[in-house]
file data_6.cif (mmCIF, C-alpha atoms, pLDDT in the B column; chains and numbers go by the auth columns)
data_upload
#
loop_
_atom_site.group_PDB
_atom_site.id
_atom_site.type_symbol
_atom_site.label_atom_id
_atom_site.label_comp_id
_atom_site.label_asym_id
_atom_site.label_seq_id
_atom_site.Cartn_x
_atom_site.Cartn_y
_atom_site.Cartn_z
_atom_site.B_iso_or_equiv
_atom_site.auth_seq_id
_atom_site.auth_asym_id
ATOM 1 C CA MET A 1 126.217 92.621 119.673 92.00 64 A
ATOM 2 C CA VAL A 2 125.111 94.529 122.770 96.00 65 A
ATOM 3 C CA ALA A 3 122.986 97.606 123.415 96.00 66 A
ATOM 4 C CA LEU A 4 124.110 100.579 125.484 97.00 67 A
ATOM 5 C CA VAL A 5 121.051 102.316 126.914 97.00 68 A
ATOM 6 C CA ALA A 6 121.095 105.760 128.527 96.00 69 A
ATOM 7 C CA GLN A 7 118.744 106.758 131.344 93.00 70 A
ATOM 8 C CA ASP A 8 116.643 108.787 128.890 93.00 71 A
ATOM 9 C CA GLY A 9 116.194 105.758 126.624 93.00 72 A
ATOM 10 C CA ARG A 10 118.704 106.692 123.944 95.00 73 A
ATOM 11 C CA THR A 11 120.233 103.492 122.636 96.00 74 A
ATOM 12 C CA TRP A 12 123.413 102.552 120.788 95.00 75 A
ATOM 13 C CA THR A 13 123.987 99.032 119.426 94.00 76 A
ATOM 14 C CA VAL A 14 127.593 97.895 119.355 94.00 77 A
ATOM 15 C CA ASN A 15 129.267 94.910 117.719 92.00 78 A
ATOM 16 C CA VAL A 16 131.522 93.306 120.315 93.00 79 A
ATOM 17 C CA ALA A 17 134.954 93.265 118.673 90.00 80 A
ATOM 18 C CA ASP A 18 138.423 93.468 120.183 89.00 81 A
ATOM 19 C CA GLU A 19 139.331 96.721 118.486 94.00 82 A
ATOM 20 C CA ASP A 20 138.718 100.402 119.035 94.00 83 A
ATOM 21 C CA VAL A 21 135.521 101.763 117.502 94.00 84 A
ATOM 22 C CA LYS A 22 134.291 105.331 117.229 94.00 85 A
ATOM 23 C CA ILE A 23 130.572 105.787 117.818 92.00 86 A
ATOM 24 C CA LYS A 24 128.863 109.157 117.521 91.00 87 A
ATOM 25 C CA GLY A 25 127.878 110.373 120.954 93.00 88 A
ATOM 26 C CA LEU A 26 130.023 107.842 122.800 95.00 89 A
ATOM 27 C CA GLY A 27 133.534 108.512 121.511 95.00 90 A
ATOM 28 C CA VAL A 28 136.255 105.888 120.993 95.00 91 A
ATOM 29 C CA PHE A 29 136.328 102.663 123.031 95.00 92 A
ATOM 30 C CA ASN A 30 137.003 98.917 122.776 95.00 93 A
ATOM 31 C CA PRO A 31 133.739 96.926 123.166 94.00 94 A
ATOM 32 C CA ALA A 32 135.471 93.642 124.045 95.00 95 A
ATOM 33 C CA GLN A 33 137.501 95.267 126.797 94.00 96 A
ATOM 34 C CA MET A 34 134.372 97.008 128.039 94.00 97 A
ATOM 35 C CA LEU A 35 132.626 93.640 128.474 92.00 98 A
ATOM 36 C CA GLU A 36 135.679 92.201 130.266 93.00 99 A
ATOM 37 C CA GLU A 37 135.261 94.897 132.891 93.00 100 A
ATOM 38 C CA HIS A 38 131.449 95.210 132.934 94.00 101 A
ATOM 39 C CA SER A 39 128.917 92.391 132.628 93.00 102 A
ATOM 40 C CA VAL A 40 125.603 92.477 130.754 94.00 103 A
ATOM 41 C CA GLY A 41 123.145 94.267 133.015 96.00 104 A
ATOM 42 C CA GLY A 42 125.901 96.392 134.495 96.00 105 A
ATOM 43 C CA LEU A 43 126.684 100.086 134.154 96.00 106 A
ATOM 44 C CA VAL A 44 129.431 101.730 132.144 96.00 107 A
ATOM 45 C CA VAL A 45 130.306 105.410 131.742 95.00 108 A
ATOM 46 C CA LEU A 46 131.246 106.616 128.245 95.00 109 A
ATOM 47 C CA ALA A 47 131.585 110.248 127.179 94.00 110 A
ATOM 48 C CA GLY A 48 130.084 111.309 130.485 94.00 111 A
ATOM 49 C CA LYS A 49 126.967 109.162 129.967 95.00 112 A
ATOM 50 C CA GLU A 50 125.915 106.422 132.398 96.00 113 A
ATOM 51 C CA LEU A 51 124.824 103.494 130.215 97.00 114 A
ATOM 52 C CA THR A 52 123.301 100.098 130.970 97.00 115 A
ATOM 53 C CA ILE A 53 124.707 97.165 128.978 97.00 116 A
ATOM 54 C CA LEU A 54 121.857 95.028 127.640 97.00 117 A
ATOM 55 C CA PRO A 55 121.439 92.267 125.045 95.00 118 A
ATOM 56 C CA ALA A 56 120.601 93.620 121.588 96.00 119 A
ATOM 57 C CA GLY A 57 116.963 92.564 121.290 96.00 120 A
ATOM 58 C CA LEU A 58 114.412 93.782 118.761 96.00 121 A
ATOM 59 C CA ALA A 59 113.444 96.839 120.807 95.00 122 A
ATOM 60 C CA GLU A 60 117.083 97.844 121.301 96.00 123 A
ATOM 61 C CA LEU A 61 117.966 97.382 117.626 96.00 124 A
ATOM 62 C CA ARG A 62 114.969 99.525 116.668 95.00 125 A
ATOM 63 C CA ARG A 63 115.897 102.318 119.066 94.00 126 A
ATOM 64 C CA GLY A 64 119.529 102.273 117.979 92.00 127 A
ATOM 65 C CA MET A 65 118.916 101.803 114.248 93.00 128 A
ATOM 66 C CA LEU A 66 120.393 104.004 111.556 90.00 129 A
ATOM 67 C CA ARG A 67 117.764 106.148 109.859 89.00 130 A
ATOM 68 C CA ARG A 68 117.325 107.851 106.513 85.00 131 A
ATOM 69 C CA ALA A 69 113.921 107.097 104.961 75.00 132 A
ATOM 70 C CA GLN A 70 110.741 107.458 107.015 77.00 133 A
ATOM 71 C CA THR A 71 110.570 104.361 109.216 87.00 134 A
ATOM 72 C CA ILE A 72 107.565 102.098 109.809 94.00 135 A
ATOM 73 C CA GLY A 73 107.158 102.207 113.591 92.00 136 A
ATOM 74 C CA ASP A 74 106.736 99.210 115.869 92.00 137 A
ATOM 75 C CA LYS A 75 103.013 99.981 116.304 92.00 138 A
ATOM 76 C CA ASP A 76 102.356 99.282 112.624 96.00 139 A
ATOM 77 C CA ALA A 77 105.170 96.767 112.100 97.00 140 A
ATOM 78 C CA GLY A 78 103.832 94.500 114.819 95.00 141 A
ATOM 79 C CA ILE A 79 100.303 94.380 113.408 96.00 142 A
ATOM 80 C CA LEU A 80 101.614 93.852 109.863 97.00 143 A
ATOM 81 C CA VAL A 81 103.660 90.832 110.939 98.00 144 A
ATOM 82 C CA ALA A 82 100.693 89.462 112.899 97.00 145 A
ATOM 83 C CA ARG A 83 98.042 89.974 110.208 97.00 146 A
ATOM 84 C CA LEU A 84 100.320 88.692 107.443 98.00 147 A
ATOM 85 C CA GLY A 85 100.808 85.589 109.579 97.00 148 A
ATOM 86 C CA ILE A 86 104.590 85.657 109.162 97.00 149 A
ATOM 87 C CA GLY A 87 106.448 82.906 110.985 96.00 150 A
ATOM 88 C CA ARG A 88 109.161 80.277 110.829 93.00 151 A
ATOM 89 C CA ASP A 89 109.984 78.737 107.433 94.00 152 A
ATOM 90 C CA ASP A 90 108.121 81.433 105.470 98.00 153 A
ATOM 91 C CA THR A 91 109.390 83.218 102.374 98.00 154 A
ATOM 92 C CA VAL A 92 108.559 86.919 102.661 98.00 155 A
ATOM 93 C CA LEU A 93 109.116 89.714 100.153 98.00 156 A
ATOM 94 C CA GLU A 94 109.471 93.259 101.466 98.00 157 A
ATOM 95 C CA ALA A 95 109.411 95.941 98.772 98.00 158 A
ATOM 96 C CA GLY A 96 110.360 99.448 99.863 96.00 159 A
ATOM 97 C CA LEU A 97 113.000 98.442 102.409 96.00 160 A
ATOM 98 C CA GLY A 98 113.819 102.004 103.470 94.00 161 A
ATOM 99 C CA SER A 99 115.642 101.993 106.802 95.00 162 A
ATOM 100 C CA ALA A 100 114.354 98.459 107.597 96.00 163 A
ATOM 101 C CA GLY A 101 112.014 99.412 110.445 96.00 164 A
ATOM 102 C CA LEU A 102 109.592 96.699 109.308 97.00 165 A
ATOM 103 C CA GLY A 103 112.454 94.507 108.082 98.00 166 A
ATOM 104 C CA LEU A 104 113.809 94.047 111.613 97.00 167 A
ATOM 105 C CA HIS A 105 110.435 92.673 112.733 98.00 168 A
ATOM 106 C CA ILE A 106 110.219 90.352 109.719 98.00 169 A
ATOM 107 C CA THR A 107 113.749 89.065 110.307 97.00 170 A
ATOM 108 C CA ARG A 108 113.010 88.349 113.958 96.00 171 A
ATOM 109 C CA ALA A 109 109.838 86.414 113.083 97.00 172 A
ATOM 110 C CA LEU A 110 111.162 84.188 110.304 97.00 173 A
ATOM 111 C CA GLY A 111 113.646 81.977 112.145 91.00 174 A
ATOM 112 C CA PRO A 112 116.664 80.164 110.682 95.00 175 A
ATOM 113 C CA SER A 113 114.800 78.416 107.855 95.00 176 A
ATOM 114 C CA GLY A 114 112.915 81.463 106.613 98.00 177 A
ATOM 115 C CA HIS A 115 113.813 83.604 103.598 98.00 178 A
ATOM 116 C CA HIS A 116 113.607 87.393 103.687 98.00 179 A
ATOM 117 C CA ILE A 117 113.721 88.996 100.222 98.00 180 A
ATOM 118 C CA THR A 118 114.112 92.779 100.168 98.00 181 A
ATOM 119 C CA VAL A 119 113.638 95.144 97.227 98.00 182 A
ATOM 120 C CA GLU A 120 114.610 98.834 97.178 97.00 183 A
ATOM 121 C CA PRO A 121 115.142 101.102 94.138 96.00 184 A
ATOM 122 C CA ARG A 122 117.039 103.869 95.970 94.00 185 A
ATOM 123 C CA GLU A 123 120.605 102.931 96.790 94.00 186 A
ATOM 124 C CA GLU A 124 120.968 105.597 99.484 95.00 187 A
ATOM 125 C CA HIS A 125 118.010 104.089 101.358 93.00 188 A
ATOM 126 C CA ALA A 126 119.103 100.514 100.727 96.00 189 A
ATOM 127 C CA LYS A 127 122.533 101.164 102.246 96.00 190 A
ATOM 128 C CA VAL A 128 121.004 102.262 105.554 96.00 191 A
ATOM 129 C CA GLY A 129 118.402 99.498 105.598 96.00 192 A
ATOM 130 C CA LEU A 130 120.939 96.792 104.796 97.00 193 A
ATOM 131 C CA ASP A 131 123.288 98.113 107.486 96.00 194 A
ATOM 132 C CA ASN A 132 120.469 97.703 109.999 96.00 195 A
ATOM 133 C CA LEU A 133 119.713 94.179 108.772 97.00 196 A
ATOM 134 C CA ASN A 134 123.421 93.313 108.993 96.00 197 A
ATOM 135 C CA ARG A 135 123.393 94.421 112.627 95.00 198 A
ATOM 136 C CA ALA A 136 120.416 92.156 113.204 96.00 199 A
ATOM 137 C CA ALA A 137 122.279 89.249 111.596 96.00 200 A
ATOM 138 C CA VAL A 138 125.125 89.744 114.083 95.00 201 A
ATOM 139 C CA ALA A 139 122.736 90.026 117.046 95.00 202 A
ATOM 140 C CA TRP A 140 120.648 87.037 115.917 95.00 203 A
ATOM 141 C CA PRO A 141 122.993 84.557 114.174 94.00 204 A
ATOM 142 C CA ASP A 142 120.150 82.046 113.799 94.00 205 A
ATOM 143 C CA GLY A 143 118.184 84.451 111.611 95.00 206 A
ATOM 144 C CA PRO A 144 116.749 83.792 108.138 97.00 207 A
ATOM 145 C CA HIS A 145 118.423 83.661 104.752 97.00 208 A
ATOM 146 C CA HIS A 146 118.378 87.126 103.178 98.00 209 A
ATOM 147 C CA THR A 147 118.414 88.191 99.521 98.00 210 A
ATOM 148 C CA HIS A 148 118.423 91.812 98.388 98.00 211 A
ATOM 149 C CA ILE A 149 117.377 93.030 94.929 98.00 212 A
ATOM 150 C CA SER A 150 117.938 96.579 93.695 97.00 213 A
ATOM 151 C CA GLY A 151 115.093 98.005 91.616 97.00 214 A
ATOM 152 C CA LEU A 152 111.358 98.608 91.501 97.00 215 A
ATOM 153 C CA ALA A 153 109.239 95.700 92.683 97.00 216 A
ATOM 154 C CA GLN A 154 107.222 95.552 89.469 97.00 217 A
ATOM 155 C CA ASP A 155 110.438 95.341 87.424 98.00 218 A
ATOM 156 C CA VAL A 156 112.043 92.483 89.376 98.00 219 A
ATOM 157 C CA ALA A 157 109.106 90.070 89.634 97.00 220 A
ATOM 158 C CA GLU A 158 110.868 87.545 87.381 97.00 221 A
ATOM 159 C CA ASP A 159 113.975 87.732 89.564 98.00 222 A
ATOM 160 C CA VAL A 160 111.825 87.081 92.623 98.00 223 A
ATOM 161 C CA LYS A 161 110.185 84.132 90.891 97.00 224 A
ATOM 162 C CA SER A 162 113.568 82.563 90.191 97.00 225 A
ATOM 163 C CA ILE A 163 114.712 83.139 93.783 97.00 226 A
ATOM 164 C CA ALA A 164 111.486 81.748 95.277 97.00 227 A
ATOM 165 C CA PRO A 165 110.169 79.208 92.729 97.00 228 A
ATOM 166 C CA GLN A 166 107.737 77.739 95.260 96.00 229 A
ATOM 167 C CA GLY A 167 106.049 81.108 95.711 97.00 230 A
ATOM 168 C CA LEU A 168 105.757 83.686 98.475 98.00 231 A
ATOM 169 C CA ASP A 169 103.998 83.324 101.810 98.00 232 A
ATOM 170 C CA ALA A 170 103.708 87.086 102.295 98.00 233 A
ATOM 171 C CA VAL A 171 104.432 90.407 100.598 98.00 234 A
ATOM 172 C CA ALA A 172 104.797 93.770 102.344 98.00 235 A
ATOM 173 C CA LEU A 173 104.727 96.950 100.236 98.00 236 A
ATOM 174 C CA ASP A 174 105.745 100.462 101.301 97.00 237 A
ATOM 175 C CA MET A 175 105.948 102.822 98.326 93.00 238 A
ATOM 176 C CA ALA A 176 104.307 105.850 96.785 92.00 239 A
ATOM 177 C CA ASP A 177 102.176 103.831 94.345 95.00 240 A
ATOM 178 C CA HIS A 178 101.435 100.209 95.167 97.00 241 A
ATOM 179 C CA THR A 179 99.341 99.513 92.060 98.00 242 A
ATOM 180 C CA PRO A 180 101.990 98.193 89.622 98.00 243 A
ATOM 181 C CA SER A 181 103.707 96.163 92.350 98.00 244 A
ATOM 182 C CA ILE A 182 100.443 94.513 93.386 98.00 245 A
ATOM 183 C CA ALA A 183 99.740 93.486 89.794 98.00 246 A
ATOM 184 C CA ALA A 184 103.243 92.057 89.382 98.00 247 A
ATOM 185 C CA LEU A 185 103.598 90.289 92.736 98.00 248 A
ATOM 186 C CA ALA A 186 100.092 88.982 93.509 98.00 249 A
ATOM 187 C CA PRO A 187 100.553 86.029 91.076 97.00 250 A
ATOM 188 C CA LEU A 188 103.655 84.979 93.058 98.00 251 A
ATOM 189 C CA LEU A 189 101.710 84.471 96.281 98.00 252 A
ATOM 190 C CA ARG A 190 100.934 80.912 97.303 97.00 253 A
ATOM 191 C CA ALA A 191 97.293 80.041 97.943 97.00 254 A
ATOM 192 C CA GLY A 192 96.539 81.458 101.377 97.00 255 A
ATOM 193 C CA GLY A 193 99.406 83.942 101.179 98.00 256 A
ATOM 194 C CA ARG A 194 98.822 87.566 102.112 98.00 257 A
ATOM 195 C CA LEU A 195 99.895 90.970 100.827 98.00 258 A
ATOM 196 C CA ALA A 196 100.100 94.157 102.919 98.00 259 A
ATOM 197 C CA CYS A 197 100.229 97.800 101.844 98.00 260 A
ATOM 198 C CA TYR A 198 101.412 100.695 104.009 98.00 261 A
ATOM 199 C CA CYS A 199 99.498 103.794 102.886 97.00 262 A
ATOM 200 C CA PRO A 200 100.095 107.197 104.557 93.00 263 A
ATOM 201 C CA VAL A 201 97.106 108.827 102.770 95.00 264 A
ATOM 202 C CA THR A 202 93.602 107.678 101.856 96.00 265 A
ATOM 203 C CA SER A 203 94.100 107.988 98.110 97.00 266 A
ATOM 204 C CA GLN A 204 96.895 105.396 98.316 97.00 267 A
ATOM 205 C CA LEU A 205 94.652 103.095 100.337 97.00 268 A
ATOM 206 C CA GLU A 206 91.833 103.356 97.799 98.00 269 A
ATOM 207 C CA ARG A 207 94.139 102.643 94.838 98.00 270 A
ATOM 208 C CA ALA A 208 95.736 99.706 96.654 98.00 271 A
ATOM 209 C CA TRP A 209 92.331 98.259 97.522 98.00 272 A
ATOM 210 C CA GLU A 210 91.187 98.469 93.902 98.00 273 A
ATOM 211 C CA ALA A 211 94.469 96.989 92.648 98.00 274 A
ATOM 212 C CA CYS A 212 94.221 94.046 95.042 98.00 275 A
ATOM 213 C CA GLU A 213 90.706 93.226 93.900 98.00 276 A
ATOM 214 C CA ALA A 214 91.752 93.590 90.246 98.00 277 A
ATOM 215 C CA ALA A 215 94.595 91.125 90.918 98.00 278 A
ATOM 216 C CA GLY A 216 92.170 88.545 92.347 98.00 279 A
ATOM 217 C CA LEU A 217 93.001 89.110 96.013 98.00 280 A
ATOM 218 C CA ALA A 218 90.388 89.334 98.761 98.00 281 A
ATOM 219 C CA VAL A 219 90.796 92.264 101.145 98.00 282 A
ATOM 220 C CA ASP A 220 91.011 90.824 104.670 96.00 283 A
ATOM 221 C CA TRP A 221 91.240 94.064 106.605 97.00 284 A
ATOM 222 C CA ALA A 222 91.964 97.767 106.144 98.00 285 A
ATOM 223 C CA GLY A 223 92.290 100.484 108.755 96.00 286 A
ATOM 224 C CA GLU A 224 94.712 102.234 111.066 94.00 287 A
ATOM 225 C CA ILE A 225 96.123 101.408 114.475 93.00 288 A
ATOM 226 C CA MET A 226 95.731 104.082 117.153 89.00 289 A
ATOM 227 C CA GLU A 227 98.187 104.380 120.022 87.00 290 A
ATOM 228 C CA ARG A 228 97.496 106.128 123.342 86.00 291 A
ATOM 229 C CA PRO A 229 100.564 106.402 125.601 87.00 292 A
ATOM 230 C CA TRP A 230 100.203 106.962 129.333 91.00 293 A
ATOM 231 C CA SER A 231 102.485 108.754 131.804 92.00 294 A
ATOM 232 C CA ARG A 232 102.824 109.389 135.522 92.00 295 A
ATOM 233 C CA ALA A 233 100.819 112.358 136.826 91.00 296 A
ATOM 234 C CA SER A 234 102.725 114.996 138.792 86.00 297 A
ATOM 235 C CA ARG A 235 100.484 114.520 141.834 86.00 298 A
ATOM 236 C CA GLY A 236 100.536 110.751 141.741 90.00 299 A
ATOM 237 C CA GLY A 237 98.851 108.074 139.661 94.00 300 A
ATOM 238 C CA VAL A 238 98.969 107.539 135.925 95.00 301 A
ATOM 239 C CA ARG A 239 96.935 109.095 133.110 91.00 302 A
ATOM 240 C CA PRO A 240 96.915 109.434 129.318 89.00 303 A
ATOM 241 C CA ALA A 241 99.920 111.480 128.225 87.00 304 A
ATOM 242 C CA ASN A 242 99.340 114.957 126.836 83.00 305 A
ATOM 243 C CA GLY A 243 99.465 115.261 123.070 75.00 306 A
ATOM 244 C CA PRO A 244 97.445 114.323 119.995 71.00 307 A
ATOM 245 C CA PHE A 245 96.854 110.894 118.576 71.00 308 A
ATOM 246 C CA GLY A 246 99.414 110.689 115.791 72.00 309 A
ATOM 247 C CA HIS A 247 98.478 109.217 112.418 82.00 310 A
ATOM 248 C CA THR A 248 101.140 107.068 110.795 91.00 311 A
ATOM 249 C CA ALA A 249 99.456 105.188 107.969 95.00 312 A
ATOM 250 C CA PHE A 250 96.482 103.223 106.768 97.00 313 A
ATOM 251 C CA LEU A 251 97.156 99.506 106.461 98.00 314 A
ATOM 252 C CA LEU A 252 95.609 97.040 104.061 98.00 315 A
ATOM 253 C CA ILE A 253 95.857 93.240 104.182 98.00 316 A
ATOM 254 C CA ALA A 254 94.673 91.120 101.244 98.00 317 A
ATOM 255 C CA GLN A 255 94.804 87.359 100.670 98.00 318 A
ATOM 256 C CA ARG A 256 95.171 85.070 97.686 98.00 319 A
ATOM 257 C CA ARG A 257 92.451 82.444 98.107 96.00 320 A
ATOM 258 C CA SER A 258 92.719 80.618 94.802 88.00 321 A
ATOM 259 C CA ALA A 259 95.442 78.277 93.618 77.00 322 A
#
call {"tool": "encode", "arguments": {"input": "data_6.cif", "output": "structure tokens"}}
result
Amino acid sequence: MVALVAQDGRTWTVNVADEDVKIKGLGVFNPAQMLEEHSVGGLVVLAGKELTILPAGLAELRRGMLRRAQTIGDKDAGILVARLGIGRDDTVLEAGLGSAGLGLHITRALGPSGHHITVEPREEHAKVGLDNLNRAAVAWPDGPHHTHISGLAQDVAEDVKSIAPQGLDAVALDMADHTPSIAALAPLLRAGGRLACYCPVTSQLERAWEACEAAGLAVDWAGEIMERPWSRASRGGVRPANGPFGHTAFLLIAQRRSA
């Protein structure tokens, strides 16, 4: 798997196979033959575009990912992975897979002995998200074991329990109403395990907070992450870029502190 990056930052990820592929915006070409003629770090011209060939890292897979559902951006995904404490060997449940914006970060963090369990009730969203995770599996062959379950998180808790009988190290929820999922999944967390909720509006945050406390979880942190990009000034120097601070979502992290 390699990434083809245009000068404006547009990115396409390509599985290196010795056969012709058709990619929207790039036309038809043979990736294996391309790499025989151009090394990683080199330039190639496709469909009139000058592209740099780069390894398919996390940033490249995110930029080139397929999209359907609203995607959790890297600003929020990074802090969720950090505050959940996700790392090698962990078993992590992600409910509300969507296009797998967060899922790519979780996959990258877990390592070869981790287990990434995804849950998504909408097949049209799951197809896109799973395609993105399959690309990640090609790019990172030493990635975690992955299990996907179709359905609502609160309805598949018993399935999750059978898949992960030792419990979950972390749960990440992205859905319209977190309350029933929190009640169903909180008992599956190991002592010390954490649960995160992605809440675009304050009413969701308040309901999630109350549901976590009702389920016996302690709220570690709740808030939002602000991002302030900078750009080059026309007369020299750098300065904050023009434009508003964009709200994405409120985040909540809660922990199970009892056995």
call {"tool": "atom_distance", "arguments": {"input": "data_6.cif", "atom1": "CA of Ala216 (chain A)", "atom2": "CA of Asp153 (chain A)"}}
result
19.2 Å
call {"tool": "atom_distance", "arguments": {"input": "data_6.cif", "atom1": "CA of Thr74 (chain A)", "atom2": "CA of Ala119 (chain A)"}}
result
9.9 Å
call {"tool": "closest_atom_pairs", "arguments": {"input": "data_6.cif", "of": "region 152-263 of chain A", "to": "region 312-318 of chain A", "cutoff": "9 Å", "atoms": "all atoms listed in the file", "output": "tab-separated table"}}
result
residue	atom	partner	partner_atom	distance
A:Leu252	CA	A:Gln318	CA	8.7
A:Ala254	CA	A:Gln318	CA	8.2
A:Gly255	CA	A:Gln318	CA	6.2
A:Gly256	CA	A:Gln318	CA	5.8
A:Arg257	CA	A:Gln318	CA	4.3
A:Leu258	CA	A:Ala317	CA	5.2
A:Ala259	CA	A:Ile316	CA	4.5
A:Cys260	CA	A:Leu315	CA	5.2
A:Tyr261	CA	A:Leu314	CA	5.1
A:Cys262	CA	A:Phe313	CA	4.9
A:Pro263	CA	A:Ala312	CA	4.0
call {"tool": "resolve_selection", "arguments": {"input": "data_6.cif", "expression": "the PyMOL selection byres ((chain A and resi 280) around 8)", "output": "list in words"}}
result
Ala249, Cys275, Glu276, Ala277, Ala278, Gly279, Ala281, Val282, Ala317, Gln318, Arg319 and Arg320 of chain A
call {"tool": "resolve_selection", "arguments": {"input": "data_6.cif", "expression": "the PyMOL selection byres ((chain A and resi 204) around 12)", "output": "ChimeraX atom specification"}}
result
/A:64,119,170-171,174-175,196-203,205-208
call {"tool": "closest_atom_pairs", "arguments": {"input": "data_6.cif", "of": "region 116-228 of chain A", "to": "region 241-244 of chain A", "cutoff": "9 Å", "atoms": "only C-alpha atoms", "output": "CSV"}}
result
residue,atom,partner,partner_atom,distance
A:Ala158,CA,A:Ser244,CA,8.6
A:Leu215,CA,A:Ser244,CA,8.1
A:Ala216,CA,A:Ser244,CA,5.6
A:Gln217,CA,A:Ser244,CA,4.6
A:Asp218,CA,A:Ser244,CA,8.4
A:Ala220,CA,A:Ser244,CA,8.6
call {"tool": "atom_distance", "arguments": {"input": "data_6.cif", "atom1": "CA of Met128 (chain A)", "atom2": "CA of Trp75 (chain A)"}}
result
8.0 Å
call {"tool": "closest_residue", "arguments": {"input": "data_6.cif", "among": "A:Val155, A:Ile245, A:Ile169, A:Ala189", "to": "Gly230 (chain A)", "atoms": "only C-alpha atoms"}}
result
A:Val155
call {"tool": "residues_around", "arguments": {"input": "data_6.cif", "residues": "region 78-92 of chain A", "least_positions_apart": "3", "cutoff": "8 Å", "atoms": "all atoms listed in the file", "output": "CSV table (one decimal) with C-alpha atoms, in the frame of the given file"}}
result
chain,number,residue,atom,x,y,z
A,64,MET,CA,126.2,92.6,119.7
A,65,VAL,CA,125.1,94.5,122.8
A,95,ALA,CA,135.5,93.6,124.0
A,96,GLN,CA,137.5,95.3,126.8
A,97,MET,CA,134.4,97.0,128.0
A,109,LEU,CA,131.2,106.6,128.2
A,110,ALA,CA,131.6,110.2,127.2
A,112,LYS,CA,127.0,109.2,130.0
A,198,ARG,CA,123.4,94.4,112.6
A,201,VAL,CA,125.1,89.7,114.1
call {"tool": "residues_around", "arguments": {"input": "data_6.cif", "residues": "Pro118 (chain A)", "least_positions_apart": "5", "cutoff": "10 Å", "atoms": "all atoms listed in the file", "output": "ChimeraX atom specification"}}
result
/A:64-67,76,103-104,123-124,202
call {"tool": "resolve_selection", "arguments": {"input": "data_6.cif", "expression": "the PyMOL selection byres ((chain A and resi 161) around 10)", "output": "ChimeraX atom specification"}}
result
/A:130-135,157-160,162-166,181-193,237-238
call {"tool": "closest_residue", "arguments": {"input": "data_6.cif", "among": "A:Ile142, A:Val107, A:Ile212, A:Ala69", "to": "Arg126 (chain A)", "atoms": "only C-alpha atoms"}}
result
A:Ala69
call {"tool": "residues_around", "arguments": {"input": "data_6.cif", "residues": "Val144 (chain A)", "least_positions_apart": "4", "cutoff": "9 Å", "atoms": "only C-alpha atoms", "output": "list in words"}}
result
Asp139, Ala140, Gly148, Ile149, Gly150, Leu165, His168, Ile169 and Ala172 of chain A
call {"tool": "axis_aligned_box", "arguments": {"input": "data_6.cif", "around": "region 82-85 of chain A", "padding_each_side": "5 Å", "output": "JSON"}}
result
{"center_x": 136.8, "center_y": 101.0, "center_z": 118.1, "size_x": 15.0, "size_y": 18.6, "size_z": 11.8}
call {"tool": "residues_near_point", "arguments": {"input": "data_6.cif", "point": "(105.4, 82.2, 96.2)", "cutoff": "7 Å", "atoms": "all atoms listed in the file", "output": "PDB file with C-alpha atoms, in the frame of the given file"}}
result
ATOM      1  CA  ALA A 227     111.486  81.748  95.277  1.00 97.00           C
ATOM      2  CA  PRO A 228     110.169  79.208  92.729  1.00 97.00           C
ATOM      3  CA  GLN A 229     107.737  77.739  95.260  1.00 96.00           C
ATOM      4  CA  GLY A 230     106.049  81.108  95.711  1.00 97.00           C
ATOM      5  CA  LEU A 231     105.757  83.686  98.475  1.00 98.00           C
ATOM      6  CA  ASP A 232     103.998  83.324 101.810  1.00 98.00           C
ATOM      7  CA  LEU A 251     103.655  84.979  93.058  1.00 98.00           C
ATOM      8  CA  LEU A 252     101.710  84.471  96.281  1.00 98.00           C
ATOM      9  CA  ARG A 253     100.934  80.912  97.303  1.00 97.00           C
TER      10      ARG A 253
END
